[in-house]
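> So that we are looking at the same thing, I have put the structure below in structure tokens.
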Amino acid sequence: MRLGCGAFAAGCVVIEVLGVALFLRGFFPAPARPEPEPPAAPAAPEPMAGASSNWTERPPPLFRKVVIMLIDALRDDFVFGSKGVKFMPYTTYLVEKGAAHSFVAEAKPPTVTMPRVKALMTGSLPGFVDVVRNLNSPALLEDNVVTQAKAAGKRIIFYGDETWVKLFPKHFVEYDGTTSFFVSDYTEVDDNVTRHLDKVLKRGDWDVLILHYLGLDHIGHISGPSSPLIGRKLSEMDSILMRIHTSLLSEEREALSPNLLVLCGDHGMSESGGHGASSLEEVNTALLLTSSAFERKPGEVRPPERVQQTDLAATLAVGLGLPIPQHSVGRFLFPVVQGRALRQQLRLLHLNAVQLSRLLRARIPGFEREHGFEQFKISERLHGNWVKLYLEENNAEILLNMGAKARKQYLYTLKALSQALSSQEAQYDIYSMVVGTVVVLEKSAPSHWKWSELDFLILAGTAGHVLSLGASSFIEEEHQTWYFLVSTLCLALSHESYRSCFLGDDEEPEHCPQVAGEFARTASALPDRSVSCNMLELDQARQSPSSLDGLRGREKCMALASPWLILGCCRLLRSLNQTGVQWAHRPDLGHWLTSSDHQAELSVLAALSLLAIFALVQSRCSSVAKGALALGLLGVYCYRAATGSVLSPWQQDNKDVSRGIIEARFVYVFVLGILFMGIKDMLKSQVHAAGIPVKTVGLWDVYSGLVLLAALLFRPHNLPVLVCSLLIQTLMTKFIWRPLRHGAAEVTVMHYWFGQAFFYFQGNSNNIATVDISAGFVGLNTYVEVPAMFLTAFATYAGPVLWASHLANFLSWGPNSGSALRRACFCYALLSSVPVSAYVVLVTALRYHLFIWSVFSPKLLYEGMRLLVTAALCLSFTAVDRAGAKADAGKVAHC
């Protein structure tokens, strides 16, 4: 059996997906950690220098109870900036006047919850692949503070994000997990934590209490860090912190032993409200340690010290009298023990240094030559000499000076060891990476094009984009590359239109006379003349010369103006959403529209956009689909009104009574109905050979269903993006592609380019923080993994998907639609494969680059996901191709 071009291309993409998956497995390997040490392993003895020390046991706990209050997405400026002063007065009092130590803790990318919780409790740096595991966290087997505390008999209670319950199953004597991914809820998700608080604080049957509040993070995802909801949530968290602190203080008066209250964030929040990457707003988190054991001089105000988030695990272990987690690369925060005796300070510093030196010995060959290890040996000698003098009861001043020197040396040693270990965290499976790269490169098949000026532009643009992926700045600002390419394409099309109009074009594409002849013979043989208007237009366009002479005066003017109108739309969309990294913080039209002061303007814009969407899509829909589309778009506005995004003319108080769940499900019914009718018509054309009109109407119904789904998932200020996408498709179809008779390959490349550009017009970037996960919960009242992942993926890649769907529709309107779709499928697969093939080679070469985790790795995940989408699209093209072949065969047989 002869394999079709489209099926071959789809198979190539599927194999390439497997190659990329193998490469990703090597690039993001699962961390292979040795078994943790037994909990009862003896602590390293105190260094000795000619005398025996009796300090061989692990130091006792510094605190009786520990409360960890983790506020998801707690940016450092929410506590230490103007927002903290305004909305968190009690916390500000503790920072400025209370017995507390404040820090700005830096979180390493990826800045998503599960990897950050692992870092907080293990002190290690989780792999970047944990950004994917964040959706379904496996049990944590690595040595960590929670496991050590449970083994030591500590009673741990937890309330909050259920990620902890998945990471630490059977570790808590009492727990209540809340769903972390249902971002539409920012009230009940925190109330479910706080409702246990008073009861637990009155009890004395626990040692560690962990609270993980999610509401602040959810508000960020919904409306960003400038939302008025942020202030209210910070005030709520401040009042809860005050309740906990006052309760601990009152208990200390009875127990006469200090407790510790830890306020921290797992990650920050970008200016758009998301997180996941490495901008300062996402990596800088607040960390506040409060205890009556801390000494504070009156009037002393210290700015927050910058530390690593991994330092908290060692600090908690020291505070609870536990072994420091075996794979921790952090150093405990020394201000916690500043008030202790000098010998105890040196003892704890030594234990931390021993733990880091053992980890260095296990991970780095030739560890003896490492600067940190050399400093460790110096520290031990100084410490041993101090112990000798201390046991001999030498002069107090000499002991103090010598001890201060040893302490300073230890602090320097810990910093050097921690930095050396952190730089060695990258682990690669080179074998899997090489095999995956070979598979990807072998499947990047060559194409056979007839070269034209436009083809050379396409080649240069594609090559330039591939070369740009080798620079971190070009990846961060990749949207600029696609904006430049589509703008250049518009200018080239304008030049082609003017030349065709005023100078004519003597060249004829080789396939056009044959296509026109076949269509003419088929059309003349048809007894039924009720061929659709669009098909007749296509017939006339293909029989006429490759120029604009066949168009009427008004249509010719539109053809000449269309490239400039498209260029204007693209320029407008660039101002709607700032994206990338360097200029993402700058104000744009989207920020202006989403501010509470301009809700009326946003409401009018959303209503007009929905009307424009209906006008641009309905003309080729079936009669039933038209009605469903109209009602569905009305439901979209009702959904946004119910959630409070736009004003509701029929509900004066605009109360959020349903959170839009009923309205969104109302729209889903019409989406599924339109898709069902479209697929039914396509199957009908394949099974019963119903012909081209039935197939194309079915295809367009499927496309209109996807448009309706996109309108529902897009934020209201992004609806103009969808309108401009539909408008550009309409202009290009009617006044550029058909009159100028572009080949299937050229039309495919243009669709691909515009699809990529609209990915960024939506506000997306190669930064994980720009993924709008709130789209995954439209119409859901709880977290359901599969629908949430599908909706989030569709909302993210709506631009490329809609343009690829339009490509299938455009190429299906013709007699040789099957061959055109096969060429388009082959070309689309090639366009997707070449950048991925080049990128896996670049990432392999740059795997030790400074920005490998903050820039290149997120882009690699995006490319892997985009390749999955491409594979699905190519398989869809193949299915449409088979339907078209069946319909064409049936029509010819009928003739």
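A note on labels: chains of the structure tokens are A, B, ... as shown, every chain counts residues from 1, and ligands are counted from 1 in their shown order.
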Could you list, as a ChimeraX atom specification, every residue within 12 Å of Thr481 (chain A), counting only C-alpha atoms and ignoring same-chain residues fewer than 6 positions away?

/A:461-469,473-475,487-488,580,753-754,756-757,760

> Selected residues, N, CA and C atoms, written as a compact mmCIF listing (two decimals), in the first residue's frame, please.


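Saved as selection-v4.txt:
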```txt
# COMPACT_ATOMS: atom_id res chain seq x y z
N GLY A 461 13.48 33.83 6.69
CA GLY A 461 12.82 34.02 7.98
C GLY A 461 12.92 32.80 8.87
N THR A 462 12.68 31.61 8.27
CA THR A 462 12.77 30.38 9.05
C THR A 462 14.18 30.14 9.56
N ALA A 463 15.19 30.35 8.67
CA ALA A 463 16.58 30.16 9.08
C ALA A 463 16.98 31.17 10.15
N GLY A 464 16.54 32.42 9.98
CA GLY A 464 16.87 33.43 10.97
C GLY A 464 16.28 33.12 12.33
N HIS A 465 15.05 32.63 12.33
CA HIS A 465 14.42 32.26 13.61
C HIS A 465 15.17 31.12 14.28
N VAL A 466 15.57 30.13 13.49
CA VAL A 466 16.30 29.00 14.06
C VAL A 466 17.62 29.47 14.67
N LEU A 467 18.35 30.33 13.95
CA LEU A 467 19.63 30.83 14.46
C LEU A 467 19.44 31.66 15.72
N SER A 468 18.32 32.37 15.81
CA SER A 468 18.10 33.23 16.98
C SER A 468 17.92 32.44 18.26
N LEU A 469 17.58 31.15 18.15
CA LEU A 469 17.34 30.34 19.34
C LEU A 469 18.62 30.04 20.10
N SER A 473 18.77 36.07 24.96
CA SER A 473 17.96 37.29 24.82
C SER A 473 16.92 37.13 23.73
N PHE A 474 17.28 36.45 22.64
CA PHE A 474 16.32 36.24 21.56
C PHE A 474 15.22 35.27 21.98
N ILE A 475 15.53 34.34 22.88
CA ILE A 475 14.50 33.43 23.37
C ILE A 475 13.56 34.18 24.31
N SER A 487 5.40 41.26 9.95
CA SER A 487 5.39 42.61 9.37
C SER A 487 6.10 42.61 8.03
N THR A 488 7.23 41.92 7.94
CA THR A 488 7.95 41.83 6.68
C THR A 488 7.12 41.08 5.64
N GLY A 580 7.34 38.92 26.90
CA GLY A 580 8.79 38.77 26.99
C GLY A 580 9.25 38.92 28.43
N TRP A 753 3.29 31.15 10.39
CA TRP A 753 3.88 32.37 10.92
C TRP A 753 2.87 33.18 11.72
N PHE A 754 1.69 33.36 11.14
CA PHE A 754 0.68 34.13 11.86
C PHE A 754 0.23 33.40 13.13
N GLN A 756 2.12 31.53 15.03
CA GLN A 756 3.16 31.79 16.03
C GLN A 756 3.07 33.21 16.57
N ALA A 757 2.82 34.18 15.68
CA ALA A 757 2.71 35.57 16.13
C ALA A 757 1.53 35.75 17.08
N TYR A 760 1.99 34.97 20.72
CA TYR A 760 2.56 36.05 21.54
C TYR A 760 1.62 37.24 21.64
```

> Give the alpha helix (DSSP H) residues of region 541-645 of chain A, as assigned by DSSP on the backbone, as JSON, numbers by chain.

{"A": [541, 542, 543, 553, 554, 555, 556, 557, 558, 559, 560, 561, 562, 563, 564, 565, 566, 567, 568, 569, 570, 571, 572, 573, 574, 575, 576, 589, 590, 591, 592, 593, 594, 599, 600, 601, 602, 603, 604, 605, 606, 607, 608, 609, 610, 611, 612, 613, 614, 615, 616, 617, 623, 624, 625, 626, 627, 628, 629, 630, 631, 632, 633, 634, 635, 636, 637, 638, 639, 640, 641, 642]}

> Counting only C-alpha atoms, figure out which residue out of A:Lys626, A:Ala793, A:Ser250, A:Gly644 gets nearest to Ser774 (chain A).

A:Ala793

> Would you pick out the contacts of Leu631 (chain A) at 8 Å or less, using only C-alpha atoms, so that residues sharing its chain but fewer than 3 positions from it are not included, and give the list as a list in words?

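Neighbouring residues, sequence-local ones excluded: Gly627, Ala628, Leu634, Gly635, Val667 and Phe670 of chain A.
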
> Please indicate the distance in Å from CA of Leu94 (chain A) to CA of Ala255 (chain A), rounded to one decimal place.

22.2 Å

> So, counting only C-alpha atoms, which residue among A:Thr579, A:Ser500, A:Thr91, A:Gln729 is closest to Arg741 (chain A)?

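Using only C-alpha atoms, Arg741 (chain A) sits closest to A:Ser500.
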
> Using only C-alpha atoms, which protein or nucleic acid residues come within 8 Å of region 611-620 of chain A? Drop anything in the same chain fewer than 2 positions from it, and give the result as a list in words.

Ala607, Leu608, Ser609, Ser622, Lys626, Leu629, Ala630, Leu633, Val697, Trp700, Ser704, Leu722, Val723, Leu726, Leu727 and Thr730 of chain A

> Determine, counting only C-alpha atoms, which protein, DNA and RNA residues have an atom within 7 Å of an atom of region 674-676 of chain A; residues of the same chain fewer than 3 positions away are not included. Present the result as a PDB file with all heavy atoms, in the first residue's frame.


```
ATOM      1  N   ALA A 625     -25.721  25.820  13.269  1.00  0.00           N
ATOM      2  CA  ALA A 625     -24.498  26.289  13.928  1.00  0.00           C
ATOM      3  C   ALA A 625     -24.530  27.792  14.138  1.00  0.00           C
ATOM      4  O   ALA A 625     -23.980  28.297  15.126  1.00  0.00           O
ATOM      5  CB  ALA A 625     -23.282  25.891  13.101  1.00  0.00           C
ATOM      6  N   ALA A 628     -26.502  28.402  17.280  1.00  0.00           N
ATOM      7  CA  ALA A 628     -25.724  27.957  18.445  1.00  0.00           C
ATOM      8  C   ALA A 628     -24.569  28.909  18.731  1.00  0.00           C
ATOM      9  O   ALA A 628     -24.259  29.205  19.894  1.00  0.00           O
ATOM     10  CB  ALA A 628     -25.203  26.543  18.206  1.00  0.00           C
ATOM     11  N   PHE A 670     -23.075  24.508  23.787  1.00  0.00           N
ATOM     12  CA  PHE A 670     -23.102  24.936  22.388  1.00  0.00           C
ATOM     13  C   PHE A 670     -21.792  24.607  21.679  1.00  0.00           C
ATOM     14  O   PHE A 670     -21.796  24.285  20.487  1.00  0.00           O
ATOM     15  CB  PHE A 670     -23.395  26.436  22.318  1.00  0.00           C
ATOM     16  CG  PHE A 670     -24.795  26.794  22.708  1.00  0.00           C
ATOM     17  CD1 PHE A 670     -25.061  27.445  23.903  1.00  0.00           C
ATOM     18  CD2 PHE A 670     -25.866  26.447  21.903  1.00  0.00           C
ATOM     19  CE1 PHE A 670     -26.355  27.762  24.280  1.00  0.00           C
ATOM     20  CE2 PHE A 670     -27.167  26.759  22.252  1.00  0.00           C
ATOM     21  CZ  PHE A 670     -27.414  27.408  23.452  1.00  0.00           C
ATOM     22  N   VAL A 671     -20.666  24.700  22.390  1.00  0.00           N
ATOM     23  CA  VAL A 671     -19.389  24.313  21.780  1.00  0.00           C
ATOM     24  C   VAL A 671     -19.434  22.849  21.357  1.00  0.00           C
ATOM     25  O   VAL A 671     -19.093  22.494  20.213  1.00  0.00           O
ATOM     26  CB  VAL A 671     -18.222  24.564  22.757  1.00  0.00           C
ATOM     27  CG1 VAL A 671     -16.940  23.945  22.219  1.00  0.00           C
ATOM     28  CG2 VAL A 671     -18.027  26.053  22.987  1.00  0.00           C
ATOM     29  N   ILE A 679     -18.388  17.495  12.940  1.00  0.00           N
ATOM     30  CA  ILE A 679     -17.789  16.165  12.768  1.00  0.00           C
ATOM     31  C   ILE A 679     -18.760  15.220  12.080  1.00  0.00           C
ATOM     32  O   ILE A 679     -18.371  14.383  11.247  1.00  0.00           O
ATOM     33  CB  ILE A 679     -17.329  15.622  14.132  1.00  0.00           C
ATOM     34  CG1 ILE A 679     -16.203  16.500  14.698  1.00  0.00           C
ATOM     35  CG2 ILE A 679     -16.863  14.178  14.012  1.00  0.00           C
ATOM     36  CD1 ILE A 679     -15.808  16.150  16.103  1.00  0.00           C
ATOM     37  N   LYS A 680     -20.054  15.338  12.399  1.00  0.00           N
ATOM     38  CA  LYS A 680     -21.064  14.486  11.751  1.00  0.00           C
ATOM     39  C   LYS A 680     -21.082  14.723  10.252  1.00  0.00           C
ATOM     40  O   LYS A 680     -21.122  13.768   9.454  1.00  0.00           O
ATOM     41  CB  LYS A 680     -22.438  14.785  12.351  1.00  0.00           C
ATOM     42  CG  LYS A 680     -23.555  13.898  11.789  1.00  0.00           C
ATOM     43  CD  LYS A 680     -24.913  14.387  12.210  1.00  0.00           C
ATOM     44  CE  LYS A 680     -25.235  15.690  11.481  1.00  0.00           C
ATOM     45  NZ  LYS A 680     -26.638  16.135  11.731  1.00  0.00           N
ATOM     46  N   ASP A 701     -17.834  24.346  10.610  1.00  0.00           N
ATOM     47  CA  ASP A 701     -18.535  24.250  11.878  1.00  0.00           C
ATOM     48  C   ASP A 701     -17.570  23.855  13.002  1.00  0.00           C
ATOM     49  O   ASP A 701     -17.655  24.383  14.122  1.00  0.00           O
ATOM     50  CB  ASP A 701     -19.668  23.227  11.783  1.00  0.00           C
ATOM     51  CG  ASP A 701     -20.893  23.786  11.059  1.00  0.00           C
ATOM     52  OD1 ASP A 701     -20.893  24.996  10.755  1.00  0.00           O
ATOM     53  OD2 ASP A 701     -21.832  23.019  10.784  1.00  0.00           O
ATOM     54  N   VAL A 702     -16.661  22.931  12.722  1.00  0.00           N
ATOM     55  CA  VAL A 702     -15.651  22.562  13.719  1.00  0.00           C
ATOM     56  C   VAL A 702     -14.794  23.770  14.073  1.00  0.00           C
ATOM     57  O   VAL A 702     -14.514  24.044  15.256  1.00  0.00           O
ATOM     58  CB  VAL A 702     -14.768  21.409  13.200  1.00  0.00           C
ATOM     59  CG1 VAL A 702     -13.583  21.172  14.128  1.00  0.00           C
ATOM     60  CG2 VAL A 702     -15.588  20.130  13.051  1.00  0.00           C
ATOM     61  N   GLY A 705     -16.696  26.156  16.242  1.00  0.00           N
ATOM     62  CA  GLY A 705     -16.770  25.659  17.611  1.00  0.00           C
ATOM     63  C   GLY A 705     -15.501  25.963  18.394  1.00  0.00           C
ATOM     64  O   GLY A 705     -15.556  26.334  19.574  1.00  0.00           O
TER      65      GLY A 705
END
```

> Could you pull out all residues of region 49-180 of chain A with a DSSP call of strand (DSSP E or B) and give them as a PyMOL selection string?

chain A and resi 66-71+75+100-106+156-161+174-178

> Suppose we keep C-alpha atoms; can you now write the selection as a PDB file, in the first residue's frame?


```pdb
ATOM      1  CA  VAL A  66       7.399  25.477  65.463  1.00  0.00           C
ATOM      2  CA  VAL A  67       4.624  26.993  63.382  1.00  0.00           C
ATOM      3  CA  ILE A  68       5.234  27.392  59.635  1.00  0.00           C
ATOM      4  CA  MET A  69       2.803  29.789  57.982  1.00  0.00           C
ATOM      5  CA  LEU A  70       3.417  29.520  54.244  1.00  0.00           C
ATOM      6  CA  ILE A  71       1.535  32.050  52.111  1.00  0.00           C
ATOM      7  CA  ARG A  75       6.425  38.363  47.219  1.00  0.00           C
ATOM      8  CA  ALA A 100      12.231  38.752  64.701  1.00  0.00           C
ATOM      9  CA  HIS A 101      14.727  38.253  61.888  1.00  0.00           C
ATOM     10  CA  SER A 102      13.632  39.186  58.369  1.00  0.00           C
ATOM     11  CA  PHE A 103      15.096  37.844  55.135  1.00  0.00           C
ATOM     12  CA  VAL A 104      14.515  37.971  51.393  1.00  0.00           C
ATOM     13  CA  ALA A 105      14.728  34.321  50.349  1.00  0.00           C
ATOM     14  CA  GLU A 106      15.677  33.665  46.723  1.00  0.00           C
ATOM     15  CA  ILE A 156       2.984  17.267  62.975  1.00  0.00           C
ATOM     16  CA  ILE A 157      -0.330  18.855  61.983  1.00  0.00           C
ATOM     17  CA  PHE A 158      -0.985  20.254  58.539  1.00  0.00           C
ATOM     18  CA  TYR A 159      -3.759  22.332  56.939  1.00  0.00           C
ATOM     19  CA  GLY A 160      -3.691  23.767  53.434  1.00  0.00           C
ATOM     20  CA  ASP A 161      -2.457  22.911  49.959  1.00  0.00           C
ATOM     21  CA  GLU A 174      -3.922  15.436  61.608  1.00  0.00           C
ATOM     22  CA  TYR A 175      -4.420  17.165  58.267  1.00  0.00           C
ATOM     23  CA  ASP A 176      -6.944  18.791  55.958  1.00  0.00           C
ATOM     24  CA  GLY A 177      -5.849  19.299  52.352  1.00  0.00           C
ATOM     25  CA  THR A 178      -7.341  21.872  49.990  1.00  0.00           C
TER      26      THR A 178
END
```

> Pick the closest to Val771 (chain A) from A:Asn809, A:Ser270, A:Thr315, A:Ser291: which is it, counting only C-alpha atoms?

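Nearest candidate to Val771 (chain A) out of A:Asn809, A:Ser270, A:Thr315, A:Ser291: A:Ser270.
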
> So what do you get for CA of Ser765 (chain A) versus CA of Gln578 (chain A), distance-wise?

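Going from CA of Ser765 (chain A) over to CA of Gln578 (chain A) covers 9.7 Å.
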
> Quick one: pull the distance between CA of Leu234 (chain A) and CA of Val117 (chain A), Å, one decimal.

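CA of Leu234 (chain A) sits 21.0 Å away from CA of Val117 (chain A).
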
> Tell me which protein, DNA and RNA residues are within 12 Å of Tyr797 (chain A), counting only C-alpha atoms, leaving out same-chain ones fewer than 6 positions away, and put them as an MDAnalysis selection string.

chainID A and resid 706 710 713:714 755:765 771:772 775 790:791 803:804 862:863 865:870 873

> Do you know which residues are at most 6 Å from Gly273 (chain A) counting only C-alpha atoms, after dropping those on the same chain fewer than 3 positions away, and could you put them as a PyMOL selection string?

chain A and resi 220-221+224-225+269-270

> Would you please work out which residue, of A:Ala139, A:Leu214, A:Leu846, A:Val146, is nearest to His171 (chain A) when using only C-alpha atoms?

A:Val146
